[in-house]
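First up is the structure itself, then whatever we jot down about it.
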Amino acid sequence: MSFDRLHHNLLNKLIDARVDIDAYLQLRKAKGYMTVSESQALRDHLFMLCAELRQNAPQLKRDCAPQEFEALRHAGESIAKAAVCLMSGHHDSPQYVTVDTHKLGSCLSTLTHSIHCLRNTTPLTEA
């Protein structure tokens with residue numbers, strides 16, 4: 001796959017993940033809990049995206065500008081942290097889980113900042 005196409009596809013997947021995390025976070029804040037299956041579905045999606053980023057890291061490192069690669073690395077880290085956060089929720093019952101909204105919100109902020117940097121190709125600073 002060409003670098004431009006790979007970069008575009010990964011950026012779109014990062015944006016989709018950001019939308020999914022944001023929707024999950026808003027529902028979690030509104031309801032106070034989420035079902036285990038909702039958390040597992042998002043977690044699995046995020047881990048698959050992390051695996052794809054890891055798999056494409058050699059090509060990205062070779063072809064990206066350093067600041068773009070750093071933004072992708074931060075995006076990958078925030079997605080991994082969000083997935084782990086979804087694993088570590090407090091189970092009130094076997095069907096419902098409460099996930100730490102502050103940790104998930106922090107992951108969302110970092111991911112949003114990374115996406116912004118990738119879109120604008122501006123130097124990445126800490127979110």
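In the structure tokens, chains take letters A, B, ... by order of appearance, with residues numbered from 1 within each chain and ligands from 1 in the order shown.
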
Next on the checklist: Just want the 10 Å neighbourhood of Asp100 (chain A), counted on only C-alpha atoms, with same-chain residues fewer than 4 positions away dropped. Output as a ChimeraX atom specification.
Outcome noted: /A:25,28-29,33,85-86,88-90,104-105

Put those residues in a file: all heavy atoms, as a short mmCIF file (atom, residue, chain, number, x, y, z; two decimals), in the first residue's frame.
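Wrote selection_28.cif, looks like this:
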data_model
loop_
_atom_site.label_atom_id
_atom_site.label_comp_id
_atom_site.auth_asym_id
_atom_site.auth_seq_id
_atom_site.Cartn_x
_atom_site.Cartn_y
_atom_site.Cartn_z
N LEU A 25 -18.03 7.65 26.03
CA LEU A 25 -17.82 8.48 27.21
C LEU A 25 -19.08 9.28 27.55
O LEU A 25 -19.46 9.38 28.71
CB LEU A 25 -16.63 9.41 26.98
CG LEU A 25 -16.15 10.25 28.14
CD1 LEU A 25 -15.75 9.36 29.32
CD2 LEU A 25 -14.96 11.09 27.71
N ARG A 28 -21.61 6.89 28.97
CA ARG A 28 -21.19 6.48 30.32
C ARG A 28 -21.50 7.56 31.34
O ARG A 28 -22.00 7.29 32.42
CB ARG A 28 -19.70 6.14 30.30
CG ARG A 28 -18.97 6.05 31.63
CD ARG A 28 -19.57 5.10 32.62
NE ARG A 28 -18.85 5.12 33.86
CZ ARG A 28 -19.09 5.94 34.88
NH1 ARG A 28 -20.07 6.82 34.82
NH2 ARG A 28 -18.38 5.89 35.98
N LYS A 29 -21.25 8.82 30.97
CA LYS A 29 -21.54 9.93 31.88
C LYS A 29 -23.05 10.08 32.09
O LYS A 29 -23.50 10.37 33.19
CB LYS A 29 -20.96 11.23 31.35
CG LYS A 29 -19.46 11.31 31.49
CD LYS A 29 -18.93 12.61 30.91
CE LYS A 29 -17.43 12.72 31.07
NZ LYS A 29 -16.91 13.97 30.48
N TYR A 33 -23.11 3.98 33.91
CA TYR A 33 -22.54 2.63 33.72
C TYR A 33 -22.69 2.26 32.26
O TYR A 33 -23.40 2.93 31.50
CB TYR A 33 -23.27 1.59 34.58
CG TYR A 33 -24.72 1.47 34.21
CD1 TYR A 33 -25.14 0.58 33.23
CD2 TYR A 33 -25.69 2.27 34.82
CE1 TYR A 33 -26.47 0.49 32.86
CE2 TYR A 33 -27.02 2.18 34.46
CZ TYR A 33 -27.40 1.30 33.48
OH TYR A 33 -28.72 1.22 33.10
N CYS A 85 -8.16 1.05 29.94
CA CYS A 85 -9.14 1.68 30.84
C CYS A 85 -10.48 0.95 30.76
O CYS A 85 -11.14 0.73 31.77
CB CYS A 85 -9.31 3.15 30.47
SG CYS A 85 -10.45 4.06 31.52
N LEU A 86 -10.86 0.54 29.55
CA LEU A 86 -12.12 -0.19 29.38
C LEU A 86 -12.06 -1.57 30.02
O LEU A 86 -13.09 -2.14 30.36
CB LEU A 86 -12.46 -0.31 27.89
CG LEU A 86 -12.83 1.00 27.21
CD1 LEU A 86 -12.88 0.83 25.71
CD2 LEU A 86 -14.15 1.52 27.74
N SER A 88 -10.42 -2.14 32.86
CA SER A 88 -10.24 -2.02 34.30
C SER A 88 -11.41 -1.37 35.02
O SER A 88 -11.26 -0.88 36.12
CB SER A 88 -8.96 -1.22 34.58
OG SER A 88 -9.07 0.07 34.02
N GLY A 89 -12.57 -1.37 34.40
CA GLY A 89 -13.74 -0.78 35.04
C GLY A 89 -14.20 -1.60 36.23
O GLY A 89 -13.92 -2.79 36.35
N HIS A 90 -14.91 -0.95 37.11
CA HIS A 90 -15.47 -1.61 38.30
C HIS A 90 -16.77 -2.31 37.91
O HIS A 90 -17.70 -1.69 37.41
CB HIS A 90 -15.73 -0.56 39.39
CG HIS A 90 -16.42 -1.11 40.59
ND1 HIS A 90 -15.79 -1.96 41.47
CD2 HIS A 90 -17.68 -0.94 41.04
CE1 HIS A 90 -16.66 -2.28 42.42
NE2 HIS A 90 -17.80 -1.67 42.19
N LEU A 104 -10.55 8.00 30.75
CA LEU A 104 -11.01 7.88 29.37
C LEU A 104 -11.05 9.26 28.70
O LEU A 104 -10.67 9.39 27.53
CB LEU A 104 -12.38 7.21 29.33
CG LEU A 104 -12.79 6.56 28.03
CD1 LEU A 104 -11.76 5.56 27.54
CD2 LEU A 104 -14.14 5.88 28.17
N GLY A 105 -11.44 10.27 29.42
CA GLY A 105 -11.46 11.63 28.90
C GLY A 105 -10.05 12.13 28.57
O GLY A 105 -9.84 12.83 27.57
#

Checklist entry - Which of chain A counts as helix (DSSP H, G or I) under DSSP, as a ChimeraX atom specification please? => result /A:3-31,36-63,66-87,101-120

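Interatomic distance, CA of Ala83 (chain A) to CA of Gln40 (chain A): 8.9 Å.
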
Checklist entry - Given the choices A:Ile21, A:Asn12, A:Ala30, A:Arg43, which gets closest to Ser109 (chain A) if the distance is worked out from only C-alpha atoms? => result A:Ile21

Item to check | Nearest-residue call for Phe69 (chain A), choices A:Ser114, A:Ser106, A:Asn9, A:Asn120, using only C-alpha atoms | outcome: A:Ser114

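For region 54-57 of chain A, the set of protein, DNA and RNA residues having any atom at most 10 Å away, when counting only C-alpha atoms and skipping those fewer than 6 positions along the same chain, is Leu6, His7, Leu10, Met48, Asp63, Cys64, Phe69, Leu72, Arg73 and Gly76 of chain A.
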
Next on the checklist: Taking only region 80-110 of chain A into account, list the residues labelled strand (DSSP E) by DSSP (computed from the backbone), as an MDAnalysis selection string.
Outcome noted: chainID A and resid 90:91 96:98
